[in-house]
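Asks: Structure incoming, see below.
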Amino acid sequence: MNRMQLIRGAENRIRPPWSLDEDNFIELCSRCGDCITQCSEHIIKLGAGGYPQVDFSQGECVFCRDCVKACDTGAIQQSAIKPWLWRAEVETSCLLAKQVTCQVCEEQCELQAISSKPQVGGRSLPVVNQDLCNGCGACIKPCPVGAIVMREQTI
């Protein structure tokens with residue numbers, strides 16, 4: 001069974017894509033900031049302890065690999081096919097749960113991983129297909145009520 005960890009607000013510790021696991025990342029990262037300056041989308045920011053972390057309120061990750069190329073310490077390295085295990089999830093604060101028409105997250109998802117599914121009681125809620133979602137975060141910034149969070153899937 002997968003364990004999922006909620007990440008939001010000040011506790012946000014989403015590292016750049018292709019980062020090593022947290023312990024190894026912290027050990028190898030020199031906090032040079034090269035991944036921050038090389039991020040074309042400006043979503044990698046200086047986080048707690050001076051370590052880089054992703055801030056989806058600034059935009060989305062396009063998986064350009066510039067952060068990987070900029071990392072000389074090996075804390076970020078493209079050794080896996082998938083850049084990370086982060087996936088979007090829609091919370092009940094979604095406008096659709098309050099019967100207000102909104103499809104912003106669906107419209108922003110190029111992979112069509114988000115779709116509205118009718119629920120008991122006539123309400124619709126967006127559902128994220130975890131197999132299609134790549135965790136880019138394109139759905140987070142445009143959400144007018146901040147109802148989308150990222151969760152890390154772990155084995």
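Scheme for the structure tokens: letters A, B, ... for chains in order shown; per-chain residue numbers from 1; ligand numbers from 1 in order shown.
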If we count only C-alpha atoms, what is near Ile36 of chain A at a cut-off of 12 Å, once residues fewer than 6 positions away on the same chain are taken out, given as a CSV table (one decimal) with N, CA and C atoms, in the first residue's frame?
Replies:
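Once everything was written out, this is selection_13.csv:
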chain,number,residue,atom,x,y,z
A,15,ARG,N,11.4,19.1,-3.6
A,15,ARG,CA,12.7,19.4,-4.2
A,15,ARG,C,12.6,19.4,-5.7
A,16,PRO,N,13.6,20.0,-6.4
A,16,PRO,CA,13.6,20.0,-7.8
A,16,PRO,C,13.4,18.6,-8.4
A,42,HIS,N,11.1,29.8,-13.0
A,42,HIS,CA,11.3,30.5,-11.7
A,42,HIS,C,10.4,29.9,-10.6
A,43,ILE,N,10.3,28.6,-10.6
A,43,ILE,CA,9.6,27.9,-9.6
A,43,ILE,C,10.4,27.3,-8.5
A,44,ILE,N,11.8,27.2,-8.7
A,44,ILE,CA,12.7,26.7,-7.7
A,44,ILE,C,13.1,27.9,-6.9
A,45,LYS,N,12.9,27.8,-5.6
A,45,LYS,CA,13.1,28.9,-4.7
A,45,LYS,C,14.0,28.5,-3.6
A,46,LEU,N,14.6,29.4,-2.9
A,46,LEU,CA,15.4,29.1,-1.7
A,46,LEU,C,14.5,28.7,-0.6
A,47,GLY,N,14.7,27.6,0.0
A,47,GLY,CA,13.8,27.1,1.0
A,47,GLY,C,14.5,27.0,2.4
A,50,GLY,N,18.3,26.9,3.4
A,50,GLY,CA,19.1,27.3,2.2
A,50,GLY,C,19.0,26.3,1.1
A,51,TYR,N,18.2,25.3,1.3
A,51,TYR,CA,18.1,24.3,0.2
A,51,TYR,C,17.0,24.6,-0.8
A,52,PRO,N,17.1,24.3,-2.0
A,52,PRO,CA,16.1,24.6,-3.0
A,52,PRO,C,14.9,23.8,-2.9
A,53,GLN,N,13.7,24.4,-3.2
A,53,GLN,CA,12.5,23.7,-3.2
A,53,GLN,C,11.6,24.3,-4.2
A,54,VAL,N,10.6,23.6,-4.7
A,54,VAL,CA,9.7,24.0,-5.7
A,54,VAL,C,8.5,24.7,-5.1
A,55,ASP,N,8.2,25.9,-5.7
A,55,ASP,CA,7.0,26.7,-5.3
A,55,ASP,C,6.1,26.8,-6.5
A,66,ASP,N,17.0,21.8,-16.8
A,66,ASP,CA,18.0,22.8,-16.6
A,66,ASP,C,18.6,22.7,-15.1
A,67,CYS,N,17.8,22.3,-14.2
A,67,CYS,CA,18.2,22.1,-12.8
A,67,CYS,C,19.2,20.9,-12.7
A,68,VAL,N,18.9,19.9,-13.5
A,68,VAL,CA,19.8,18.7,-13.5
A,68,VAL,C,21.1,19.1,-14.1
A,69,LYS,N,21.1,19.8,-15.2
A,69,LYS,CA,22.4,20.2,-15.8
A,69,LYS,C,23.2,21.2,-14.9
A,70,ALA,N,22.5,22.0,-14.1
A,70,ALA,CA,23.2,22.9,-13.3
A,70,ALA,C,23.8,22.3,-12.0
A,71,CYS,N,23.3,21.2,-11.6
A,71,CYS,CA,23.8,20.5,-10.4
A,71,CYS,C,25.1,19.8,-10.5
Asks: Between segment 39-123 of chain A and segment 130-135 of chain A, at 7 Å or less, what are the per-residue closest atom pairs and their distances in Å? Count only C-alpha atoms, order by chain and rising residue number, and return it as a tab-separated table.
Replies:
residue	atom	partner	partner_atom	distance
A:Trp86	CA	A:Gly135	CA	5.1
A:Arg87	CA	A:Gly135	CA	4.4
A:Ala88	CA	A:Gly135	CA	6.0
A:Leu111	CA	A:Leu132	CA	6.6
A:Ala113	CA	A:Leu132	CA	5.1
Asks: Let me see the file: selected residues, all heavy atoms, as a compact mmCIF listing (two decimals), in the first residue's frame.
Replies:
# COMPACT_ATOMS: atom_id res chain seq x y z
N TRP A 86 5.58 13.21 -7.04
CA TRP A 86 4.55 14.17 -6.62
C TRP A 86 3.38 14.11 -7.59
O TRP A 86 3.58 14.05 -8.80
CB TRP A 86 5.13 15.58 -6.59
CG TRP A 86 6.19 15.72 -5.56
CD1 TRP A 86 7.54 15.68 -5.75
CD2 TRP A 86 5.99 15.89 -4.16
NE1 TRP A 86 8.19 15.81 -4.56
CE2 TRP A 86 7.27 15.95 -3.56
CE3 TRP A 86 4.87 15.99 -3.35
CZ2 TRP A 86 7.45 16.11 -2.20
CZ3 TRP A 86 5.06 16.16 -1.99
CH2 TRP A 86 6.33 16.21 -1.43
N ARG A 87 2.18 14.16 -7.03
CA ARG A 87 0.96 14.13 -7.83
C ARG A 87 -0.05 15.11 -7.23
O ARG A 87 -0.12 15.29 -6.02
CB ARG A 87 0.34 12.73 -7.88
CG ARG A 87 1.26 11.65 -8.48
CD ARG A 87 1.53 11.91 -9.96
NE ARG A 87 2.42 10.94 -10.54
CZ ARG A 87 3.71 11.11 -10.73
NH1 ARG A 87 4.31 12.23 -10.39
NH2 ARG A 87 4.46 10.18 -11.29
N ALA A 88 -0.83 15.71 -8.10
CA ALA A 88 -1.86 16.65 -7.66
C ALA A 88 -3.03 15.90 -7.03
O ALA A 88 -3.32 14.76 -7.40
CB ALA A 88 -2.36 17.46 -8.85
N LEU A 111 -2.10 17.01 -19.88
CA LEU A 111 -2.16 15.55 -19.95
C LEU A 111 -3.56 15.00 -19.75
O LEU A 111 -3.77 13.79 -19.79
CB LEU A 111 -1.22 14.95 -18.89
CG LEU A 111 0.24 15.32 -19.05
CD1 LEU A 111 1.06 14.74 -17.91
CD2 LEU A 111 0.78 14.84 -20.39
N ALA A 113 -5.21 14.76 -17.07
CA ALA A 113 -5.23 13.91 -15.88
C ALA A 113 -6.35 14.30 -14.92
O ALA A 113 -6.65 13.55 -14.01
CB ALA A 113 -3.89 13.99 -15.16
Asks: Could you check how far atom CA of Ala147 of chain A sits from atom CA of Arg13 of chain A, in Å to one decimal?
Replies: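 Atom CA of Arg13 of chain A lies at a distance of 18.4 Å from atom CA of Ala147 of chain A.
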Asks: Using DSSP on the backbone coordinates, identify the residues of segment 12-122 of chain A assigned to strand (DSSP E or B); present them as a tab-separated table (two decimals) with all heavy atoms, in the first residue's frame.
Replies:
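Output (states33.tsv):
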chain	number	residue	atom	x	y	z
A	19	SER	N	15.56	15.04	-8.05
A	19	SER	CA	16.38	15.11	-6.84
A	19	SER	C	16.46	13.72	-6.20
A	19	SER	O	15.53	12.92	-6.31
A	19	SER	CB	15.77	16.07	-5.82
A	19	SER	OG	15.86	17.39	-6.28
A	44	ILE	N	11.75	27.21	-8.73
A	44	ILE	CA	12.67	26.71	-7.71
A	44	ILE	C	13.12	27.90	-6.89
A	44	ILE	O	13.66	28.87	-7.44
A	44	ILE	CB	13.87	25.95	-8.31
A	44	ILE	CG1	13.38	24.77	-9.17
A	44	ILE	CG2	14.79	25.45	-7.20
A	44	ILE	CD1	14.49	24.02	-9.88
A	45	LYS	N	12.85	27.84	-5.60
A	45	LYS	CA	13.13	28.95	-4.69
A	45	LYS	C	14.03	28.48	-3.57
A	45	LYS	O	14.16	27.29	-3.31
A	45	LYS	CB	11.82	29.49	-4.10
A	45	LYS	CG	10.81	29.95	-5.13
A	45	LYS	CD	11.29	31.19	-5.83
A	45	LYS	CE	10.27	31.68	-6.84
A	45	LYS	NZ	10.73	32.79	-7.61
A	46	LEU	N	14.61	29.43	-2.87
A	46	LEU	CA	15.41	29.13	-1.69
A	46	LEU	C	14.45	28.74	-0.57
A	46	LEU	O	13.53	29.47	-0.25
A	46	LEU	CB	16.21	30.37	-1.29
A	46	LEU	CG	17.28	30.18	-0.23
A	46	LEU	CD1	18.34	29.20	-0.72
A	46	LEU	CD2	17.91	31.52	0.10
A	52	PRO	N	17.13	24.29	-2.02
A	52	PRO	CA	16.12	24.62	-3.03
A	52	PRO	C	14.87	23.77	-2.87
A	52	PRO	O	14.93	22.61	-2.48
A	52	PRO	CB	16.83	24.30	-4.35
A	52	PRO	CG	17.84	23.26	-4.00
A	52	PRO	CD	18.28	23.57	-2.60
A	53	GLN	N	13.74	24.40	-3.15
A	53	GLN	CA	12.48	23.68	-3.19
A	53	GLN	C	11.57	24.33	-4.21
A	53	GLN	O	11.74	25.49	-4.57
A	53	GLN	CB	11.83	23.60	-1.83
A	53	GLN	CG	11.52	24.91	-1.16
A	53	GLN	CD	11.11	24.71	0.29
A	53	GLN	OE1	11.79	24.02	1.05
A	53	GLN	NE2	10.00	25.29	0.67
A	54	VAL	N	10.61	23.56	-4.68
A	54	VAL	CA	9.71	24.01	-5.73
A	54	VAL	C	8.53	24.75	-5.11
A	54	VAL	O	7.96	24.30	-4.11
A	54	VAL	CB	9.23	22.82	-6.58
A	54	VAL	CG1	8.18	23.25	-7.60
A	54	VAL	CG2	10.41	22.17	-7.29
A	76	ILE	N	20.89	16.42	-7.65
A	76	ILE	CA	19.84	16.33	-8.67
A	76	ILE	C	20.47	15.61	-9.85
A	76	ILE	O	21.44	16.10	-10.43
A	76	ILE	CB	19.34	17.72	-9.12
A	76	ILE	CG1	18.92	18.56	-7.93
A	76	ILE	CG2	18.20	17.57	-10.11
A	76	ILE	CD1	18.65	20.02	-8.28
A	86	TRP	N	5.58	13.21	-7.04
A	86	TRP	CA	4.55	14.17	-6.62
A	86	TRP	C	3.38	14.11	-7.59
A	86	TRP	O	3.58	14.05	-8.80
A	86	TRP	CB	5.13	15.58	-6.59
A	86	TRP	CG	6.19	15.72	-5.56
A	86	TRP	CD1	7.54	15.68	-5.75
A	86	TRP	CD2	5.99	15.89	-4.16
A	86	TRP	NE1	8.19	15.81	-4.56
A	86	TRP	CE2	7.27	15.95	-3.56
A	86	TRP	CE3	4.87	15.99	-3.35
A	86	TRP	CZ2	7.45	16.11	-2.20
A	86	TRP	CZ3	5.06	16.16	-1.99
A	86	TRP	CH2	6.33	16.21	-1.43
A	87	ARG	N	2.18	14.16	-7.03
A	87	ARG	CA	0.96	14.13	-7.83
A	87	ARG	C	-0.05	15.11	-7.23
A	87	ARG	O	-0.12	15.29	-6.02
A	87	ARG	CB	0.34	12.73	-7.88
A	87	ARG	CG	1.26	11.65	-8.48
A	87	ARG	CD	1.53	11.91	-9.96
A	87	ARG	NE	2.42	10.94	-10.54
A	87	ARG	CZ	3.71	11.11	-10.73
A	87	ARG	NH1	4.31	12.23	-10.39
A	87	ARG	NH2	4.46	10.18	-11.29
A	88	ALA	N	-0.83	15.71	-8.10
A	88	ALA	CA	-1.86	16.65	-7.66
A	88	ALA	C	-3.03	15.90	-7.03
A	88	ALA	O	-3.32	14.76	-7.40
A	88	ALA	CB	-2.36	17.46	-8.85
A	89	GLU	N	-3.67	16.58	-6.10
A	89	GLU	CA	-4.89	16.06	-5.50
A	89	GLU	C	-5.81	17.23	-5.22
A	89	GLU	O	-5.37	18.30	-4.78
A	89	GLU	CB	-4.57	15.31	-4.20
A	89	GLU	CG	-5.79	14.60	-3.65
A	89	GLU	CD	-5.42	13.65	-2.53
A	89	GLU	OE1	-4.69	12.69	-2.81
A	89	GLU	OE2	-5.86	13.91	-1.40
A	90	VAL	N	-7.09	17.04	-5.48
A	90	VAL	CA	-8.08	18.10	-5.29
A	90	VAL	C	-8.76	17.91	-3.94
A	90	VAL	O	-9.25	16.82	-3.63
A	90	VAL	CB	-9.13	18.09	-6.42
A	90	VAL	CG1	-10.13	19.22	-6.24
A	90	VAL	CG2	-8.44	18.18	-7.78
A	114	ILE	N	-6.95	15.46	-15.13
A	114	ILE	CA	-8.02	15.93	-14.25
A	114	ILE	C	-9.32	15.95	-15.02
A	114	ILE	O	-9.41	16.50	-16.11
A	114	ILE	CB	-7.72	17.34	-13.70
A	114	ILE	CG1	-6.37	17.36	-13.00
A	114	ILE	CG2	-8.84	17.80	-12.77
A	114	ILE	CD1	-5.93	18.74	-12.56
A	115	SER	N	-10.35	15.34	-14.42
A	115	SER	CA	-11.68	15.35	-15.03
A	115	SER	C	-12.72	15.42	-13.93
A	115	SER	O	-12.48	14.99	-12.80
A	115	SER	CB	-11.90	14.10	-15.89
A	115	SER	OG	-11.78	12.94	-15.10
A	116	SER	N	-13.86	16.01	-14.25
A	116	SER	CA	-14.95	16.11	-13.28
A	116	SER	C	-15.78	14.84	-13.29
A	116	SER	O	-16.18	14.36	-14.35
A	116	SER	CB	-15.85	17.30	-13.60
A	116	SER	OG	-15.14	18.49	-13.46
A	117	LYS	N	-16.00	14.31	-12.12
A	117	LYS	CA	-16.80	13.10	-11.99
A	117	LYS	C	-18.01	13.40	-11.11
A	117	LYS	O	-17.86	13.94	-10.01
A	117	LYS	CB	-15.98	11.98	-11.32
A	117	LYS	CG	-14.73	11.60	-12.07
A	117	LYS	CD	-15.06	10.84	-13.32
A	117	LYS	CE	-13.76	10.41	-14.00
A	117	LYS	NZ	-13.94	9.85	-15.28
A	118	PRO	N	-19.21	13.07	-11.57
A	118	PRO	CA	-20.40	13.28	-10.74
A	118	PRO	C	-20.31	12.47	-9.45
A	118	PRO	O	-19.83	11.34	-9.44
A	118	PRO	CB	-21.55	12.78	-11.60
A	118	PRO	CG	-21.01	12.74	-13.00
A	118	PRO	CD	-19.54	12.52	-12.87
Asks: Could you tell me how far atom CA of Ile148 of chain A lies from atom CA of Asp34 of chain A, in Å and to one decimal?
Replies: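 Distance between the two atoms: 28.6 Å.
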